[in-house]
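Below: work-v5.txt (compact mmCIF, C-alpha atoms)
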```txt
# COMPACT_ATOMS: atom_id res chain seq x y z
CA MET A 1437 57.51 159.54 86.75
CA ASN A 1438 54.26 157.66 86.21
CA HIS A 1439 51.86 155.32 88.00
CA GLN A 1440 53.72 152.23 86.82
CA GLN A 1441 56.82 153.35 88.70
CA LEU A 1442 54.71 153.91 91.80
CA ILE A 1443 53.28 150.41 91.53
CA ALA A 1444 56.82 149.04 91.16
CA GLY A 1445 57.79 150.99 94.28
CA CYS A 1446 55.33 148.91 96.33
CA GLN A 1447 55.01 145.85 94.08
CA GLN A 1448 54.70 143.30 96.87
CA GLN A 1449 51.91 145.27 98.52
CA TRP A 1450 50.21 145.92 95.17
CA ASP A 1451 50.18 142.20 94.36
CA ALA A 1452 48.83 141.44 97.83
CA TYR A 1453 46.03 143.93 97.16
CA ILE A 1454 45.09 142.68 93.69
CA THR A 1455 45.20 138.98 94.58
CA HIS A 1456 44.07 139.18 98.21
CA ASP A 1457 42.23 136.17 99.64
CA PHE A 1458 39.05 138.27 99.60
CA VAL A 1459 39.44 138.69 95.82
CA ARG A 1460 40.32 135.03 95.30
CA GLN A 1461 37.27 133.92 97.25
CA LEU A 1462 35.10 136.31 95.25
CA GLY A 1463 36.38 134.73 92.08
CA ALA A 1464 35.73 131.24 93.36
CA GLY A 1465 32.30 132.17 94.69
CA SER A 1466 33.31 130.81 98.08
CA LEU A 1467 33.41 134.10 100.00
CA ALA A 1468 31.09 134.01 103.02
CA LYS A 1469 27.98 136.05 102.29
CA GLU A 1470 28.25 137.73 105.69
CA SER A 1471 31.70 138.98 104.71
CA PHE A 1472 30.47 140.30 101.39
CA ARG A 1473 27.52 142.09 102.99
CA HIS A 1474 29.85 143.75 105.47
CA TYR A 1475 32.14 144.76 102.63
CA LEU A 1476 29.20 146.26 100.69
CA GLN A 1477 28.09 148.23 103.73
CA GLN A 1478 31.53 149.62 104.41
CA ASP A 1479 32.18 150.27 100.72
CA TYR A 1480 29.09 152.46 100.56
CA LEU A 1481 30.33 154.49 103.52
CA TYR A 1482 33.72 154.67 101.82
CA LEU A 1483 32.20 155.97 98.56
CA ILE A 1484 30.69 158.95 100.35
CA HIS A 1485 34.14 160.09 101.47
CA TYR A 1486 35.66 159.13 98.12
CA ALA A 1487 33.24 161.57 96.48
CA ARG A 1488 34.24 164.23 99.00
CA ALA A 1489 37.87 163.65 98.02
CA PHE A 1490 37.08 164.30 94.36
CA ALA A 1491 35.23 167.46 95.38
CA LEU A 1492 38.43 168.44 97.17
CA ALA A 1493 40.32 167.70 93.93
CA VAL A 1494 38.19 170.31 92.16
CA PHE A 1495 38.97 172.79 94.95
CA LYS A 1496 42.69 171.99 94.74
CA SER A 1497 42.78 172.41 90.96
CA GLU A 1498 44.87 175.28 89.65
CA ASN A 1499 42.93 175.88 86.44
CA PRO A 1500 39.66 174.95 84.70
CA ALA A 1501 41.33 172.14 82.75
CA GLN A 1502 42.27 170.40 86.00
CA MET A 1503 38.77 170.99 87.34
CA ARG A 1504 37.29 169.37 84.24
CA ALA A 1505 39.56 166.35 84.69
CA SER A 1506 38.15 165.63 88.16
CA MET A 1507 34.52 166.48 87.46
CA PRO A 1508 33.60 163.23 85.60
CA SER A 1509 34.63 161.15 88.61
CA LEU A 1510 32.81 163.45 91.03
CA ASN A 1511 29.65 163.50 88.92
CA ALA A 1512 29.73 159.74 88.38
CA LEU A 1513 30.08 159.12 92.10
CA VAL A 1514 27.40 161.54 93.25
CA GLN A 1515 24.91 161.08 90.43
CA ASP A 1516 25.33 157.43 89.49
CA GLU A 1517 27.70 155.16 91.38
CA ILE A 1518 26.39 155.80 94.89
CA ALA A 1519 22.81 155.20 93.70
CA LEU A 1520 23.83 152.07 91.79
CA HIS A 1521 25.68 150.82 94.84
CA ILE A 1522 22.51 151.16 96.90
CA GLU A 1523 20.54 149.25 94.25
CA TYR A 1524 23.13 146.50 94.40
CA CYS A 1525 23.07 146.53 98.20
CA GLN A 1526 19.28 146.17 98.11
CA SER A 1527 19.67 142.96 96.12
CA TRP A 1528 21.61 141.72 99.16
CA GLY A 1529 18.90 142.80 101.59
CA LEU A 1530 20.56 146.08 102.60
CA ASP A 1531 18.94 149.52 102.42
CA GLU A 1532 20.50 152.98 102.54
CA ALA A 1533 19.08 154.03 105.89
CA ALA A 1534 20.35 150.89 107.57
CA ILE A 1535 23.81 151.31 106.05
CA LEU A 1536 24.08 154.97 107.06
CA ALA A 1537 23.15 154.01 110.61
CA LEU A 1538 26.12 151.63 110.83
CA GLU A 1539 29.39 152.43 112.52
CA GLU A 1540 32.29 152.83 110.14
CA GLY A 1541 34.83 150.05 110.39
CA VAL A 1542 38.29 150.94 111.65
CA ALA A 1543 39.79 150.28 108.21
CA THR A 1544 37.11 152.46 106.61
CA ILE A 1545 37.83 155.35 108.96
CA ALA A 1546 41.59 155.07 108.53
CA TYR A 1547 41.43 154.91 104.74
CA THR A 1548 38.88 157.65 104.08
CA ARG A 1549 40.38 160.13 106.50
CA TYR A 1550 43.81 159.47 105.03
CA LEU A 1551 42.50 160.37 101.56
CA ILE A 1552 41.12 163.68 102.78
CA ASP A 1553 44.23 164.44 104.82
CA ALA A 1554 46.52 163.80 101.85
CA GLY A 1555 44.56 166.34 99.84
CA VAL A 1556 44.19 168.94 102.57
CA GLN A 1557 47.88 168.93 103.47
CA GLY A 1558 49.20 168.49 99.95
CA ASP A 1559 48.37 169.57 96.43
CA LEU A 1560 46.38 167.92 93.65
CA SER A 1561 49.16 165.42 92.90
CA ASP A 1562 49.30 164.32 96.54
CA LEU A 1563 45.56 163.78 96.55
CA TYR A 1564 45.58 161.77 93.33
CA ALA A 1565 48.49 159.67 94.57
CA ALA A 1566 46.18 158.56 97.38
CA LEU A 1567 43.07 158.24 95.15
CA VAL A 1568 44.45 156.30 92.19
CA PRO A 1569 45.18 153.01 94.02
CA CYS A 1570 41.43 152.55 94.53
CA ALA A 1571 40.30 153.32 90.97
CA LEU A 1572 43.21 151.64 89.21
CA GLY A 1573 43.42 148.77 91.68
CA TYR A 1574 39.83 147.73 91.14
CA ALA A 1575 40.48 147.83 87.39
CA HIS A 1576 43.42 145.48 87.92
CA VAL A 1577 41.27 143.26 90.15
CA GLY A 1578 38.67 143.09 87.39
CA GLN A 1579 41.36 142.18 84.86
CA TRP A 1580 42.86 139.53 87.15
CA LEU A 1581 39.50 137.92 87.81
CA SER A 1582 38.81 137.88 84.07
CA LYS A 1583 41.84 135.71 83.37
CA GLU A 1584 41.21 132.03 82.85
CA GLY A 1585 41.45 130.06 86.07
CA ASN A 1586 41.08 133.05 88.39
CA SER A 1587 37.30 132.96 88.68
CA GLN A 1588 34.33 130.66 88.29
CA LEU A 1589 31.37 132.68 87.07
CA THR A 1590 28.79 129.90 86.76
CA ASP A 1591 26.55 129.91 89.84
CA ASN A 1592 28.83 132.50 91.43
CA PRO A 1593 26.80 134.94 93.60
CA TYR A 1594 29.49 137.57 92.95
CA ALA A 1595 29.51 137.27 89.16
CA ASN A 1596 27.79 140.65 88.71
CA TRP A 1597 30.36 142.36 90.92
CA ILE A 1598 33.18 140.83 88.89
CA ALA A 1599 31.54 141.80 85.59
CA MET A 1600 31.12 145.40 86.76
CA TYR A 1601 34.80 145.97 87.53
CA ALA A 1602 36.01 143.95 84.56
CA GLY A 1603 33.61 145.82 82.28
CA GLU A 1604 34.60 148.36 79.67
CA ASP A 1605 32.86 151.31 81.36
CA TYR A 1606 34.70 150.90 84.65
CA GLN A 1607 38.03 150.16 82.98
CA ARG A 1608 37.75 153.28 80.82
CA ALA A 1609 36.91 155.54 83.76
CA ALA A 1610 39.70 154.14 85.94
CA TYR A 1611 42.32 154.63 83.27
CA ALA A 1612 41.09 158.15 82.51
CA SER A 1613 41.80 159.15 86.13
CA THR A 1614 45.15 157.36 85.99
CA GLU A 1615 46.14 159.11 82.75
CA PHE A 1616 45.36 162.49 84.32
CA PHE A 1617 47.47 161.56 87.33
CA ASP A 1618 50.35 160.61 85.04
CA GLN A 1619 50.11 164.04 83.41
CA LEU A 1620 50.27 165.72 86.82
CA ILE A 1621 53.44 163.89 87.85
CA ALA A 1622 55.20 163.55 84.49
CA ASP A 1623 57.95 166.08 85.33
CA ILE A 1624 58.66 164.76 88.83
CA ASP A 1625 61.69 162.56 89.49
CA ILE A 1626 60.57 159.56 91.54
CA ASP A 1627 63.87 159.62 93.47
CA SER A 1628 63.41 163.25 94.50
CA PRO A 1629 61.89 164.16 97.88
CA ARG A 1630 58.71 165.16 96.05
CA GLY A 1631 58.60 161.87 94.19
CA GLN A 1632 59.15 159.89 97.37
CA ARG A 1633 56.31 161.75 99.09
CA LEU A 1634 53.98 160.71 96.25
CA GLN A 1635 55.29 157.17 96.54
CA GLN A 1636 54.46 157.21 100.24
CA HIS A 1637 50.88 158.30 99.51
CA PHE A 1638 50.47 155.66 96.82
CA SER A 1639 51.98 152.90 98.97
CA THR A 1640 49.94 153.88 102.04
CA ALA A 1641 46.67 153.87 100.08
CA THR A 1642 47.59 150.44 98.71
CA ARG A 1643 48.10 149.17 102.26
CA MET A 1644 44.75 150.68 103.18
CA GLU A 1645 43.10 148.71 100.37
CA ILE A 1646 44.59 145.49 101.74
CA ALA A 1647 43.20 146.35 105.18
CA PHE A 1648 39.80 147.07 103.63
CA TRP A 1649 39.63 143.59 102.05
CA GLN A 1650 40.82 142.04 105.29
CA GLN A 1651 38.14 143.89 107.23
CA GLY A 1652 35.55 141.84 105.35
CA LEU A 1653 37.40 138.55 105.71
CA ASP A 1654 37.80 138.97 109.44
CA LEU A 1655 34.05 138.47 109.85
CA SER A 1656 34.14 134.96 108.38
```

Reformat the file's structure so that it appears as C-alpha cells.
Amino acid sequence: MNHQQLIAGCQQQWDAYITHDFVRQLGAGSLAKESFRHYLQQDYLYLIHYARAFALAVFKSENPAQMRASMPSLNALVQDEIALHIEYCQSWGLDEAAILALEEGVATIAYTRYLIDAGVQGDLSDLYAALVPCALGYAHVGQWLSKEGNSQLTDNPYANWIAMYAGEDYQRAAYASTEFFDQLIADIDIDSPRGQRLQQHFSTATRMEIAFWQQGLDLS
C-alpha cells in the first residue's frame, strides 16, 4: 500500500481539507484577518506538539536508518520552523509569550493529542499515518493555490503564506516524509486489518485538519 491509496480511502474528506473555505478565502485574500490571526496562534501551539510527535517517531524507530529519516523533520521544527513561525506571527502583531499564554482551541487539543496517542499506542507506521496528512496536505494546498484561478496574489495579505507552502523547500520536505512513510507501509495490504487501522489514522487526521481550518473560520 501507499499514501495515494490512503488518500483514495478518504477522498471526499481529503478534497474538503485541501479546498476548504478557509483555503479558498486565503487564496482570494478575503479571509478575515481575525480568523487568520487565530489560526496562526493555534498553529504555533500545534507545531509544538507536532515536534513532540516527531521526537516520538525517533523513539519508536527500530534502527538508526529509521531514526535518521525522522530527524530532519524534528530538527527543522525545533531549530527553524517554530522560530520562523514566531517571526511570521510578529508581522501580524503576535509575540511568542502572548501565544503561549493562550488557551488551546478544542480542535487543536483534539488533533495534537490524537497524534501523540496514535504513536504511543501504535508503532512508527501508525504514527506516520497520523502525521503525513499535515505535511502532505499542506503541500497539496500549496499546489492547489498555485493553479491559475485558485488564488489572487496581488495585494493579497496572505501571499507570503501561500508562497511558503507552494515553495520548493516545503514541497521537498513534505514529500521526503511521505516517501519514508510509503517505504514503511509498502508490504501492508490496505484491505488487511493492519491496513485498515492505518487508513483509520490517516482519515481521522484528515478530519482533524478540516476541523482545524474550521476553527479559524468560526471566528469570522

Can you tell me which residues surround Phe1472 (chain A) at a distance of at most 10 Å, considering all atoms listed in the file, apart from same-chain residues fewer than 3 positions away, and format the answer as a JSON list (two decimals) with C-alpha atoms, in the coordinates of the input?
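Below you can see out26.json, which holds the result:
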```json
[["chain", "number", "residue", "atom", "x", "y", "z"],
["A", 1458, "PHE", "CA", 39.05, 138.27, 99.60],
["A", 1462, "LEU", "CA", 35.10, 136.31, 95.25],
["A", 1467, "LEU", "CA", 33.41, 134.10, 100.00],
["A", 1468, "ALA", "CA", 31.09, 134.01, 103.02],
["A", 1469, "LYS", "CA", 27.98, 136.05, 102.29],
["A", 1475, "TYR", "CA", 32.14, 144.76, 102.63],
["A", 1476, "LEU", "CA", 29.20, 146.26, 100.69],
["A", 1477, "GLN", "CA", 28.09, 148.23, 103.73],
["A", 1478, "GLN", "CA", 31.53, 149.62, 104.41],
["A", 1528, "TRP", "CA", 21.61, 141.72, 99.16],
["A", 1594, "TYR", "CA", 29.49, 137.57, 92.95],
["A", 1649, "TRP", "CA", 39.63, 143.59, 102.05],
["A", 1652, "GLY", "CA", 35.55, 141.84, 105.35],
["A", 1653, "LEU", "CA", 37.40, 138.55, 105.71],
["A", 1655, "LEU", "CA", 34.05, 138.47, 109.85],
["A", 1656, "SER", "CA", 34.14, 134.96, 108.38]]
```

Neighbours of region 1565-1578 of chain A within 8 Å (all atoms listed in the file; same-chain residues fewer than 6 positions away dropped), as a VMD selection string?
chain A and resid 1453 to 1455 1459 1551 1554 1598 to 1603 1606 to 1607 1610 to 1611 1613 to 1614 1617 1634 to 1635 1637 to 1638 1640 to 1642 1645

So how far away is CA of Asp1516 (chain A) from CA of Ala1487 (chain A), in Å?
11.3 Å

In the coordinate frame of the file, compute which residues have an atom within 12 Å of (49.9, 170.0, 98.8) when using all atoms listed in the file, and state them as an MDAnalysis selection string.
chainID A and resid 1492:1493 1495:1498 1552:1565 1630 1633:1634 1637

Between CA of His1439 (chain A) and CA of Glu1604 (chain A), distance in Å (one decimal)
20.4 Å

Measuring between only C-alpha atoms, which one of A:Ala1537, A:Ala1546, A:Leu1620, A:Leu1589 shows the shortest distance to Met1644 (chain A)?
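Closest residue, counting only C-alpha atoms: A:Ala1546.
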
I'd like to know which of A:Phe1648, A:Leu1481, A:Trp1597, A:His1456 is closest to Tyr1524 (chain A), using only C-alpha atoms.
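Under the stated criterion, the closest residue is A:Trp1597.
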
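Each of A:Leu1513, A:Glu1615, A:Met1507, A:Ala1595 was compared to Leu1581 (chain A) using only C-alpha atoms, and A:Ala1595 turns out to be the nearest.
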
Place N, CA and C atoms on region 1523-1538 of chain A and deliver the coordinates as a PDB file, in the coordinates of the input.
```pdb
ATOM      1  N   GLU A1523      21.364 150.246  94.947  1.00  0.00           N
ATOM      2  CA  GLU A1523      20.540 149.250  94.250  1.00  0.00           C
ATOM      3  C   GLU A1523      21.148 147.858  94.393  1.00  0.00           C
ATOM      4  N   TYR A1524      22.454 147.784  94.261  1.00  0.00           N
ATOM      5  CA  TYR A1524      23.130 146.500  94.400  1.00  0.00           C
ATOM      6  C   TYR A1524      23.035 145.995  95.837  1.00  0.00           C
ATOM      7  N   CYS A1525      23.200 146.900  96.791  1.00  0.00           N
ATOM      8  CA  CYS A1525      23.070 146.530  98.200  1.00  0.00           C
ATOM      9  C   CYS A1525      21.662 145.991  98.492  1.00  0.00           C
ATOM     10  N   GLN A1526      20.660 146.609  97.883  1.00  0.00           N
ATOM     11  CA  GLN A1526      19.280 146.170  98.110  1.00  0.00           C
ATOM     12  C   GLN A1526      19.068 144.738  97.635  1.00  0.00           C
ATOM     13  N   SER A1527      19.776 144.347  96.589  1.00  0.00           N
ATOM     14  CA  SER A1527      19.670 142.960  96.120  1.00  0.00           C
ATOM     15  C   SER A1527      20.263 141.988  97.132  1.00  0.00           C
ATOM     16  N   TRP A1528      21.043 142.526  98.079  1.00  0.00           N
ATOM     17  CA  TRP A1528      21.610 141.720  99.160  1.00  0.00           C
ATOM     18  C   TRP A1528      20.893 141.980 100.476  1.00  0.00           C
ATOM     19  N   GLY A1529      19.710 142.585 100.396  1.00  0.00           N
ATOM     20  CA  GLY A1529      18.900 142.800 101.590  1.00  0.00           C
ATOM     21  C   GLY A1529      19.349 143.963 102.445  1.00  0.00           C
ATOM     22  N   LEU A1530      20.054 144.931 101.849  1.00  0.00           N
ATOM     23  CA  LEU A1530      20.560 146.080 102.600  1.00  0.00           C
ATOM     24  C   LEU A1530      19.944 147.353 102.039  1.00  0.00           C
ATOM     25  N   ASP A1531      19.487 148.253 102.903  1.00  0.00           N
ATOM     26  CA  ASP A1531      18.940 149.520 102.420  1.00  0.00           C
ATOM     27  C   ASP A1531      19.798 150.678 102.925  1.00  0.00           C
ATOM     28  N   GLU A1532      19.624 151.838 102.286  1.00  0.00           N
ATOM     29  CA  GLU A1532      20.500 152.980 102.540  1.00  0.00           C
ATOM     30  C   GLU A1532      20.421 153.445 103.987  1.00  0.00           C
ATOM     31  N   ALA A1533      19.224 153.534 104.516  1.00  0.00           N
ATOM     32  CA  ALA A1533      19.080 154.030 105.890  1.00  0.00           C
ATOM     33  C   ALA A1533      19.811 153.128 106.876  1.00  0.00           C
ATOM     34  N   ALA A1534      19.689 151.831 106.667  1.00  0.00           N
ATOM     35  CA  ALA A1534      20.350 150.890 107.570  1.00  0.00           C
ATOM     36  C   ALA A1534      21.870 151.002 107.458  1.00  0.00           C
ATOM     37  N   ILE A1535      22.366 151.199 106.240  1.00  0.00           N
ATOM     38  CA  ILE A1535      23.810 151.310 106.050  1.00  0.00           C
ATOM     39  C   ILE A1535      24.338 152.585 106.703  1.00  0.00           C
ATOM     40  N   LEU A1536      23.621 153.697 106.503  1.00  0.00           N
ATOM     41  CA  LEU A1536      24.080 154.970 107.060  1.00  0.00           C
ATOM     42  C   LEU A1536      24.045 154.974 108.591  1.00  0.00           C
ATOM     43  N   ALA A1537      23.237 154.095 109.159  1.00  0.00           N
ATOM     44  CA  ALA A1537      23.150 154.010 110.610  1.00  0.00           C
ATOM     45  C   ALA A1537      24.291 153.177 111.211  1.00  0.00           C
ATOM     46  N   LEU A1538      25.039 152.492 110.356  1.00  0.00           N
ATOM     47  CA  LEU A1538      26.120 151.630 110.830  1.00  0.00           C
ATOM     48  C   LEU A1538      27.324 152.437 111.278  1.00  0.00           C
TER      49      LEU A1538
END
```
